[in-house]
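Coordinates as given in final.cif (mmCIF, C-alpha atoms):
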```
data_upload
#
loop_
_atom_site.group_PDB
_atom_site.id
_atom_site.type_symbol
_atom_site.label_atom_id
_atom_site.label_comp_id
_atom_site.auth_asym_id
_atom_site.auth_seq_id
_atom_site.Cartn_x
_atom_site.Cartn_y
_atom_site.Cartn_z
ATOM 1 C CA MET G 1 -10.069 12.143 -30.814
ATOM 2 C CA LYS G 2 -7.922 15.108 -29.736
ATOM 3 C CA THR G 3 -4.263 14.155 -29.518
ATOM 4 C CA THR G 4 -1.416 15.774 -27.622
ATOM 5 C CA ASN G 5 2.267 14.927 -27.337
ATOM 6 C CA ALA G 6 2.766 12.461 -24.508
ATOM 7 C CA ASN G 7 5.816 13.463 -22.509
ATOM 8 C CA LEU G 8 7.539 10.149 -21.818
ATOM 9 C CA GLY G 9 10.711 11.793 -20.475
ATOM 10 C CA PRO G 10 9.874 11.449 -16.748
ATOM 11 C CA LEU G 11 8.869 7.794 -17.248
ATOM 12 C CA THR G 12 12.139 7.122 -19.081
ATOM 13 C CA TYR G 13 14.182 8.737 -16.302
ATOM 14 C CA ALA G 14 12.315 6.661 -13.711
ATOM 15 C CA TRP G 15 13.050 3.466 -15.666
ATOM 16 C CA LEU G 16 16.729 4.378 -16.067
ATOM 17 C CA ALA G 17 16.968 5.063 -12.334
ATOM 18 C CA LEU G 18 15.443 1.653 -11.582
ATOM 19 C CA VAL G 19 17.892 -0.123 -13.907
ATOM 20 C CA LEU G 20 20.895 1.731 -12.470
ATOM 21 C CA LEU G 21 19.806 1.111 -8.869
ATOM 22 C CA THR G 22 19.323 -2.599 -9.623
ATOM 23 C CA LEU G 23 22.860 -2.863 -11.008
ATOM 24 C CA LEU G 24 24.205 -0.742 -8.143
ATOM 25 C CA SER G 25 22.599 -3.000 -5.534
ATOM 26 C CA LEU G 26 24.218 -6.041 -7.170
ATOM 27 C CA GLY G 27 27.598 -4.302 -7.066
ATOM 28 C CA ILE G 28 27.106 -3.252 -3.455
ATOM 29 C CA GLY G 29 26.247 -6.847 -2.513
ATOM 30 C CA GLN G 30 29.531 -8.005 -4.059
ATOM 31 C CA TRP G 31 31.835 -5.177 -2.961
ATOM 32 C CA PHE G 32 30.619 -4.991 0.635
ATOM 33 C CA HIS G 33 30.045 -8.706 1.105
ATOM 34 C CA GLY G 34 29.519 -9.424 4.810
ATOM 35 C CA ALA G 35 29.712 -5.769 5.905
ATOM 36 C CA VAL G 36 27.586 -5.044 8.983
ATOM 37 C CA TRP G 37 26.076 -1.956 7.383
ATOM 38 C CA LEU G 38 25.250 -3.642 4.030
ATOM 39 C CA PRO G 39 21.562 -4.041 5.052
ATOM 40 C CA LEU G 40 21.405 -0.259 5.604
ATOM 41 C CA LEU G 41 22.480 0.439 2.025
ATOM 42 C CA VAL G 42 20.220 -2.280 0.626
ATOM 43 C CA ALA G 43 17.295 -0.938 2.676
ATOM 44 C CA ALA G 44 17.887 2.571 1.286
ATOM 45 C CA ILE G 45 17.964 1.265 -2.296
ATOM 46 C CA VAL G 46 14.754 -0.774 -1.791
ATOM 47 C CA TRP G 47 13.015 2.329 -0.441
ATOM 48 C CA ILE G 48 14.233 4.538 -3.301
ATOM 49 C CA LYS G 49 13.237 1.993 -5.987
ATOM 50 C CA GLY G 50 9.786 1.483 -4.489
ATOM 51 C CA THR G 51 9.276 5.238 -4.262
ATOM 52 C CA VAL G 52 10.387 5.719 -7.885
ATOM 53 C CA VAL G 53 7.767 3.204 -9.072
ATOM 54 C CA ALA G 54 5.064 4.678 -6.813
ATOM 55 C CA ARG G 55 5.700 8.288 -7.847
ATOM 56 C CA GLY G 56 6.992 7.829 -11.398
ATOM 57 C CA PHE G 57 4.652 5.097 -12.658
ATOM 58 C CA ILE G 58 1.601 5.070 -10.351
ATOM 59 C CA GLU G 59 1.710 8.858 -9.775
ATOM 60 C CA ALA G 60 1.064 8.383 -6.059
ATOM 61 C CA GLN G 61 1.577 12.104 -5.452
ATOM 62 C CA PHE G 62 -1.692 12.800 -7.314
ATOM 63 C CA ALA G 63 -3.572 9.832 -5.856
ATOM 64 C CA HIS G 64 -6.160 9.691 -3.089
ATOM 65 C CA PRO G 65 -4.382 10.047 0.298
ATOM 66 C CA PHE G 66 -5.400 6.490 1.297
ATOM 67 C CA ILE G 67 -3.713 5.027 -1.781
ATOM 68 C CA ALA G 68 -0.640 7.205 -1.259
ATOM 69 C CA ARG G 69 -0.409 6.068 2.387
ATOM 70 C CA VAL G 70 -0.860 2.383 1.521
ATOM 71 C CA LEU G 71 1.958 2.624 -1.024
ATOM 72 C CA ALA G 72 4.235 4.581 1.316
ATOM 73 C CA GLY G 73 3.579 2.154 4.170
ATOM 74 C CA PHE G 74 4.192 -0.957 2.095
ATOM 75 C CA ILE G 75 7.376 0.469 0.586
ATOM 76 C CA ALA G 76 8.696 1.526 4.019
ATOM 77 C CA PHE G 77 7.972 -1.793 5.765
ATOM 78 C CA THR G 78 10.824 -3.830 4.310
ATOM 79 C CA PRO G 79 13.633 -1.248 4.710
ATOM 80 C CA VAL G 80 12.657 -0.765 8.361
ATOM 81 C CA ALA G 81 12.397 -4.534 8.954
ATOM 82 C CA LEU G 82 15.754 -5.100 7.197
ATOM 83 C CA VAL G 83 17.530 -2.632 9.453
ATOM 84 C CA LEU G 84 15.839 -3.925 12.619
ATOM 85 C CA THR G 85 16.633 -7.547 11.739
ATOM 86 C CA ALA G 86 20.236 -6.670 10.911
ATOM 87 C CA PHE G 87 20.900 -4.887 14.216
ATOM 88 C CA PHE G 88 18.402 -6.539 16.587
ATOM 89 C CA GLY G 89 18.061 -9.944 14.926
ATOM 90 C CA SER G 90 18.691 -12.043 18.036
ATOM 91 C CA GLN G 91 16.146 -10.119 20.147
ATOM 92 C CA PHE G 92 13.610 -10.364 17.345
ATOM 93 C CA ALA G 93 14.263 -14.110 17.061
ATOM 94 C CA ARG G 94 13.599 -14.492 20.809
ATOM 95 C CA TRP G 95 10.301 -12.599 20.571
ATOM 96 C CA ALA G 96 9.260 -14.625 17.531
ATOM 97 C CA THR G 97 10.002 -17.994 19.132
ATOM 98 C CA LEU G 98 6.952 -20.051 20.034
ATOM 99 C CA MET B 1 -6.194 17.403 -34.902
ATOM 100 C CA THR B 2 -4.308 19.700 -32.557
ATOM 101 C CA THR B 3 -0.891 19.126 -31.048
ATOM 102 C CA THR B 4 0.259 20.616 -27.775
ATOM 103 C CA ALA B 5 2.935 19.627 -25.286
ATOM 104 C CA LEU B 6 1.851 17.859 -22.113
ATOM 105 C CA PRO B 7 3.621 19.005 -18.948
ATOM 106 C CA ALA B 8 5.627 16.330 -17.162
ATOM 107 C CA LEU B 9 3.587 13.943 -15.028
ATOM 108 C CA GLU B 10 0.394 15.922 -15.396
ATOM 109 C CA PRO B 11 -2.514 13.628 -14.560
ATOM 110 C CA PRO B 12 -5.974 14.007 -16.036
ATOM 111 C CA PRO B 13 -8.259 16.379 -14.165
ATOM 112 C CA ALA B 14 -8.740 15.008 -10.678
ATOM 113 C CA PRO B 15 -12.199 15.049 -9.075
ATOM 114 C CA THR B 16 -10.908 17.141 -6.168
ATOM 115 C CA GLY B 17 -7.292 18.060 -5.530
ATOM 116 C CA ASN B 18 -5.110 15.007 -5.037
ATOM 117 C CA SER B 19 -7.963 12.563 -4.512
ATOM 118 C CA ARG B 20 -7.526 10.806 -7.846
ATOM 119 C CA ILE B 21 -7.818 7.022 -7.992
ATOM 120 C CA PRO B 22 -5.342 5.528 -10.496
ATOM 121 C CA GLY B 23 -7.590 3.075 -12.332
ATOM 122 C CA ASN B 24 -10.653 2.083 -10.338
ATOM 123 C CA LYS B 25 -11.520 1.329 -6.709
ATOM 124 C CA GLY B 26 -11.856 -2.413 -7.329
ATOM 125 C CA ILE B 27 -8.253 -2.862 -8.409
ATOM 126 C CA TRP B 28 -7.037 -0.985 -5.324
ATOM 127 C CA VAL B 29 -8.994 -3.358 -3.084
ATOM 128 C CA GLY B 30 -7.133 -6.162 -4.879
ATOM 129 C CA ILE B 31 -3.770 -4.384 -4.589
ATOM 130 C CA CYS B 32 -4.322 -3.800 -0.846
ATOM 131 C CA CYS B 33 -5.097 -7.537 -0.417
ATOM 132 C CA GLU B 34 -1.968 -8.387 -2.423
ATOM 133 C CA PHE B 35 0.130 -6.101 -0.200
ATOM 134 C CA VAL B 36 -1.301 -7.669 2.974
ATOM 135 C CA GLU B 37 -0.587 -11.180 1.659
ATOM 136 C CA PHE B 38 3.020 -10.322 0.866
ATOM 137 C CA LEU B 39 3.497 -8.456 4.148
ATOM 138 C CA VAL B 40 2.622 -11.708 5.939
ATOM 139 C CA LEU B 41 5.149 -13.559 3.756
ATOM 140 C CA PHE B 42 7.774 -10.872 4.411
ATOM 141 C CA VAL B 43 7.235 -11.285 8.164
ATOM 142 C CA ALA B 44 7.797 -15.045 7.697
ATOM 143 C CA TYR B 45 11.019 -14.202 5.815
ATOM 144 C CA PHE B 46 12.298 -11.929 8.601
ATOM 145 C CA VAL B 47 11.388 -14.427 11.339
ATOM 146 C CA ALA B 48 13.270 -17.168 9.444
ATOM 147 C CA ARG B 49 16.229 -14.834 8.769
ATOM 148 C CA ALA B 50 16.428 -13.788 12.425
ATOM 149 C CA HIS B 51 16.439 -17.441 13.530
ATOM 150 C CA PHE B 52 18.878 -18.762 10.912
ATOM 151 C CA PRO B 53 21.166 -15.879 9.831
ATOM 152 C CA GLU B 54 23.945 -18.245 8.657
ATOM 153 C CA SER B 55 21.586 -20.142 6.339
ATOM 154 C CA PHE B 56 20.494 -16.880 4.732
ATOM 155 C CA GLU B 57 24.076 -15.625 4.316
ATOM 156 C CA GLU B 58 25.153 -18.865 2.638
ATOM 157 C CA GLY B 59 21.950 -19.418 0.645
ATOM 158 C CA ALA B 60 22.222 -16.239 -1.450
ATOM 159 C CA GLU B 61 25.664 -17.377 -2.638
ATOM 160 C CA ARG B 62 24.171 -20.513 -4.220
ATOM 161 C CA LEU B 63 21.411 -18.818 -6.241
ATOM 162 C CA SER B 64 21.859 -17.453 -9.772
ATOM 163 C CA ARG B 65 22.257 -13.671 -9.491
ATOM 164 C CA VAL B 66 21.924 -13.470 -13.275
ATOM 165 C CA ALA B 67 18.406 -14.952 -13.080
ATOM 166 C CA GLY B 68 17.365 -12.545 -10.316
ATOM 167 C CA THR B 69 18.769 -9.570 -12.216
ATOM 168 C CA VAL B 70 17.125 -10.580 -15.503
ATOM 169 C CA ILE B 71 13.733 -10.951 -13.791
ATOM 170 C CA THR B 72 14.168 -7.532 -12.135
ATOM 171 C CA LEU B 73 15.047 -5.861 -15.439
ATOM 172 C CA LEU B 74 12.092 -7.581 -17.153
ATOM 173 C CA MET B 75 9.711 -6.399 -14.418
ATOM 174 C CA VAL B 76 10.841 -2.756 -14.385
ATOM 175 C CA THR B 77 10.956 -2.596 -18.195
ATOM 176 C CA SER B 78 7.482 -4.057 -18.706
ATOM 177 C CA SER B 79 6.231 -1.707 -15.978
ATOM 178 C CA PHE B 80 7.810 1.217 -17.866
ATOM 179 C CA PHE B 81 6.241 0.144 -21.183
ATOM 180 C CA ILE B 82 2.784 -0.177 -19.615
ATOM 181 C CA ALA B 83 3.173 3.250 -17.965
ATOM 182 C CA CYS B 84 3.987 4.588 -21.452
ATOM 183 C CA SER B 85 0.818 2.902 -22.738
ATOM 184 C CA VAL B 86 -1.239 4.825 -20.163
ATOM 185 C CA ALA B 87 0.576 8.112 -20.900
ATOM 186 C CA THR B 88 0.050 7.828 -24.667
ATOM 187 C CA MET B 89 -3.616 6.840 -24.224
ATOM 188 C CA ARG B 90 -4.048 9.886 -21.984
ATOM 189 C CA ALA B 91 -2.597 11.971 -24.824
ATOM 190 C CA GLY B 92 -5.090 10.459 -27.272
ATOM 191 C CA GLN B 93 -2.505 8.385 -29.170
ATOM 192 C CA ARG B 94 -4.424 5.098 -29.272
ATOM 193 C CA GLN B 95 -2.202 3.235 -31.735
ATOM 194 C CA ARG B 96 0.976 4.119 -29.827
ATOM 195 C CA SER B 97 -0.723 3.104 -26.600
ATOM 196 C CA ILE B 98 -1.553 -0.314 -28.082
ATOM 197 C CA TRP B 99 2.045 -0.821 -29.247
ATOM 198 C CA TRP B 100 3.431 0.124 -25.820
ATOM 199 C CA LEU B 101 1.028 -2.377 -24.254
ATOM 200 C CA VAL B 102 2.131 -5.089 -26.702
ATOM 201 C CA ALA B 103 5.770 -4.302 -25.815
ATOM 202 C CA GLY B 104 4.886 -4.531 -22.110
ATOM 203 C CA LEU B 105 3.234 -7.918 -22.694
ATOM 204 C CA VAL B 106 6.191 -9.306 -24.659
ATOM 205 C CA VAL B 107 8.676 -8.245 -21.977
ATOM 206 C CA ALA B 108 6.380 -9.487 -19.177
ATOM 207 C CA LEU B 109 6.252 -12.920 -20.845
ATOM 208 C CA GLY B 110 10.005 -13.090 -20.342
ATOM 209 C CA TYR B 111 9.447 -13.401 -16.580
ATOM 210 C CA PRO B 112 7.909 -16.920 -16.503
ATOM 211 C CA ILE B 113 10.478 -18.026 -19.083
ATOM 212 C CA ALA B 114 13.359 -16.665 -16.973
ATOM 213 C CA LYS B 115 11.837 -18.270 -13.866
ATOM 214 C CA TYR B 116 11.569 -21.636 -15.653
ATOM 215 C CA LEU B 117 15.231 -21.425 -16.677
ATOM 216 C CA GLU B 118 16.193 -20.405 -13.130
ATOM 217 C CA ILE B 119 14.355 -23.370 -11.593
ATOM 218 C CA THR B 120 15.971 -25.703 -14.128
ATOM 219 C CA TRP B 121 19.390 -24.256 -13.189
ATOM 220 C CA ASN B 122 18.562 -24.620 -9.482
ATOM 221 C CA LEU B 123 17.560 -28.260 -9.833
ATOM 222 C CA ALA B 124 20.701 -28.987 -11.865
ATOM 223 C CA HIS B 125 22.697 -27.558 -8.949
ATOM 224 C CA GLY B 126 20.819 -29.584 -6.343
ATOM 225 C CA ILE B 127 18.680 -26.706 -5.072
ATOM 226 C CA ASN B 128 15.072 -27.633 -4.305
ATOM 227 C CA GLY B 129 12.457 -26.770 -1.683
ATOM 228 C CA GLU B 130 14.058 -29.132 0.829
ATOM 229 C CA SER B 131 17.586 -27.733 0.561
ATOM 230 C CA GLY B 132 17.216 -25.722 3.766
ATOM 231 C CA ILE B 133 15.164 -22.954 5.353
ATOM 232 C CA PHE B 134 16.548 -20.262 3.002
ATOM 233 C CA PHE B 135 15.455 -22.183 -0.087
ATOM 234 C CA THR B 136 12.052 -23.084 1.387
ATOM 235 C CA VAL B 137 11.347 -19.376 1.968
ATOM 236 C CA TYR B 138 12.856 -18.506 -1.428
ATOM 237 C CA TYR B 139 10.610 -20.933 -3.320
ATOM 238 C CA TYR B 140 7.521 -19.967 -1.337
ATOM 239 C CA LEU B 141 7.959 -16.220 -1.866
ATOM 240 C CA THR B 142 9.130 -16.286 -5.475
ATOM 241 C CA PHE B 143 6.504 -18.815 -6.634
ATOM 242 C CA ASN B 144 3.836 -16.714 -4.957
ATOM 243 C CA HIS B 145 5.097 -13.676 -6.823
ATOM 244 C CA LEU B 146 5.148 -15.623 -10.082
ATOM 245 C CA VAL B 147 1.476 -16.561 -9.565
ATOM 246 C CA HIS B 148 0.587 -12.875 -9.113
ATOM 247 C CA ALA B 149 2.636 -11.974 -12.193
ATOM 248 C CA VAL B 150 0.776 -14.616 -14.250
ATOM 249 C CA TRP B 151 -2.523 -13.043 -13.163
ATOM 250 C CA GLY B 152 -1.072 -9.725 -14.322
ATOM 251 C CA ILE B 153 -0.086 -11.193 -17.692
ATOM 252 C CA LEU B 154 -3.629 -12.555 -18.133
ATOM 253 C CA GLY B 155 -4.866 -9.065 -17.232
ATOM 254 C CA ILE B 156 -2.589 -7.521 -19.870
ATOM 255 C CA LEU B 157 -4.048 -9.918 -22.486
ATOM 256 C CA TRP B 158 -7.605 -8.955 -21.499
ATOM 257 C CA VAL B 159 -6.857 -5.222 -21.538
ATOM 258 C CA LEU B 160 -5.043 -5.576 -24.872
ATOM 259 C CA ALA B 161 -8.111 -7.306 -26.367
ATOM 260 C CA ARG B 162 -10.340 -4.491 -25.092
ATOM 261 C CA HIS B 163 -7.881 -1.867 -26.336
ATOM 262 C CA LEU B 164 -7.811 -3.421 -29.815
ATOM 263 C CA ALA B 165 -11.612 -3.416 -29.808
ATOM 264 C CA GLY B 166 -11.617 0.333 -29.078
ATOM 265 C CA GLY B 167 -12.627 -0.072 -25.445
ATOM 266 C CA TYR B 168 -10.605 2.890 -24.197
ATOM 267 C CA THR B 169 -10.764 6.583 -24.970
ATOM 268 C CA THR B 170 -8.907 9.664 -23.759
ATOM 269 C CA GLU B 171 -11.825 10.300 -21.408
ATOM 270 C CA ASP B 172 -12.187 6.721 -20.135
ATOM 271 C CA TYR B 173 -9.149 4.487 -19.878
ATOM 272 C CA SER B 174 -9.607 3.374 -16.261
ATOM 273 C CA GLY B 175 -9.407 -0.314 -17.262
ATOM 274 C CA LEU B 176 -5.985 0.224 -18.809
ATOM 275 C CA GLU B 177 -4.807 2.276 -15.825
ATOM 276 C CA SER B 178 -6.156 -0.334 -13.372
ATOM 277 C CA LEU B 179 -4.099 -3.008 -15.089
ATOM 278 C CA ALA B 180 -1.084 -0.688 -15.043
ATOM 279 C CA SER B 181 -1.540 -0.037 -11.295
ATOM 280 C CA TYR B 182 -1.714 -3.772 -10.552
ATOM 281 C CA TRP B 183 1.396 -4.427 -12.642
ATOM 282 C CA HIS B 184 3.324 -1.589 -10.971
ATOM 283 C CA ALA B 185 2.314 -2.928 -7.521
ATOM 284 C CA THR B 186 3.527 -6.388 -8.537
ATOM 285 C CA ASP B 187 6.740 -4.719 -9.732
ATOM 286 C CA ILE B 188 7.213 -3.023 -6.327
ATOM 287 C CA ILE B 189 6.789 -6.403 -4.608
ATOM 288 C CA TRP B 190 9.492 -7.957 -6.803
ATOM 289 C CA LEU B 191 11.826 -5.019 -6.105
ATOM 290 C CA VAL B 192 11.485 -5.921 -2.414
ATOM 291 C CA ILE B 193 11.977 -9.667 -2.981
ATOM 292 C CA PHE B 194 15.063 -9.235 -5.206
ATOM 293 C CA PRO B 195 17.533 -8.149 -2.476
ATOM 294 C CA PHE B 196 16.125 -10.750 -0.038
ATOM 295 C CA PHE B 197 17.560 -13.593 -2.091
ATOM 296 C CA TYR B 198 20.064 -12.192 -4.586
ATOM 297 C CA VAL B 199 21.814 -9.251 -2.908
ATOM 298 C CA LEU B 200 21.963 -9.721 0.871
ATOM 299 C CA ASN B 201 24.605 -12.216 1.930
#
```
Would you mind giving the structure from this file in structure tokens?
Amino acid sequence: MKTTNANLGPLTYAWLALVLLTLLSLGIGQWFHGAVWLPLLVAAIVWIKGTVVARGFIEAQFAHPFIARVLAGFIAFTPVALVLTAFFGSQFARWATL
Amino acid sequence: MTTTALPALEPPPAPTGNSRIPGNKGIWVGICCEFVEFLVLFVAYFVARAHFPESFEEGAERLSRVAGTVITLLMVTSSFFIACSVATMRAGQRQRSIWWLVAGLVVALGYPIAKYLEITWNLAHGINGESGIFFTVYYYLTFNHLVHAVWGILGILWVLARHLAGGYTTEDYSGLESLASYWHATDIIWLVIFPFFYVLN
């Protein structure tokens, strides 16, 4: 079997970014407790972390466009919903009331 | 045996352009179903949060942030190890690939253990499924994720057995990559769940 040197550097950087962003989000939750714009920051971090996993680990940028779109759509859903719920929560609650 | 450097993030030759399927089509049908299932649960979370914002602000204060953080670090680390297993297999380093997969399995096994300890801590602090809307949604979403993670752990065991038996080669490691894709997708789902219950307050 022909062997080559596996370059694990990009995977390591992706992992480090995920660890740092996890710790950062915890800090943000504590420092900006109750801030109106906290969901905006949290939404941004969720989107970045999801994108890091999709691109760094799954290699979505090389994947079939359908797979890339499914990943991008799923990762974008929660940040968008977080922001909408934070700023239009009462309207959303009215629409979602049976 | 020849040794050359692999460029960063260079995938194996794709059939045409960027139309590569990481793993096989079957696993992506499963991953799409998993995403749809969790999207429905996320909608339930947002509907509950919009109706009871105070419950969700207070609820996060009562959960163990340490448990949530440990589970997150276990998920991203096992995901990283399994990605390394795929990368080393792609480079033809079968033994290293097996060891990375074993490391991924060991770290992944920490998740159900951490969840057990978290539930024990919760119950000791009077937190159960009937402690309010926040905790009902919390238990429903996190238990669901745990079930999917257990399927992933069983998948890792199966792929490890096949790997040990020489089931993967540099040319054909789609089974290993399918497992990796499922585990990464399950990782993404946890990264979404984590701030829902442990960060936002």
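Proximity to Pro10 (chain G) was assessed for G:Leu41, G:Val52, G:Ile28, G:Leu84 counting only C-alpha atoms; the smallest distance is recorded for G:Val52.
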### Task
Could you give me, as number ranges by chain, the residues within 7 Å of region 135-150 of chain B, counting all atoms listed in the file and dropping anything in the same chain fewer than 4 positions from it?
B: 41, 45, 128-131, 154, 186, 197
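Taking all atoms listed in the file into account, chain B lies nearest to G:Gly89 out of the set G:Gly89, G:Leu23, G:Trp37, G:Ala43.
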### Task
Pull out every residue that the PyMOL selection byres ((chain G) within 7 of (chain B)) matches in the shown coordinates and put them as a PyMOL selection string.
chain G and resi 1-8+10-11+15+18-19+25-26+29+33-34+46+50+53+57-58+62-65+74+85+89-90+92-93+96
### Message
Once the PyMOL selection byres ((chain B and resi 109-111) around 9) has been evaluated on this model, what residues remain selected, and can you format them as a ChimeraX atom specification?
### Response
/B:70-72,74-75,104-108,112-116,146,149-150,153
### Query
Suppose you want the space between CA of Ala60 (chain B) and CA of Thr51 (chain G); what is it in Å?
25.2 Å
### Message
Selection in question (the file shown): the PyMOL selection byres ((chain B and resi 164) around 12). Which residues does it include, as a PyMOL selection string?
### Response
chain B and resi 94-99+101-102+156-163+165-169+176
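Between CA of Ala72 (chain G) and CA of Ala54 (chain G) lies a distance of 8.2 Å.
Note that the spacing between CA of Gly59 (chain B) and CA of Ile48 (chain G) amounts to 25.5 Å.
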### Query
Quick one: residues within 9 Å of Leu40 (chain G), only C-alpha atoms counted, chain neighbours fewer than 6 positions away excluded, as a ChimeraX atom specification?
/G:79,82-83,86
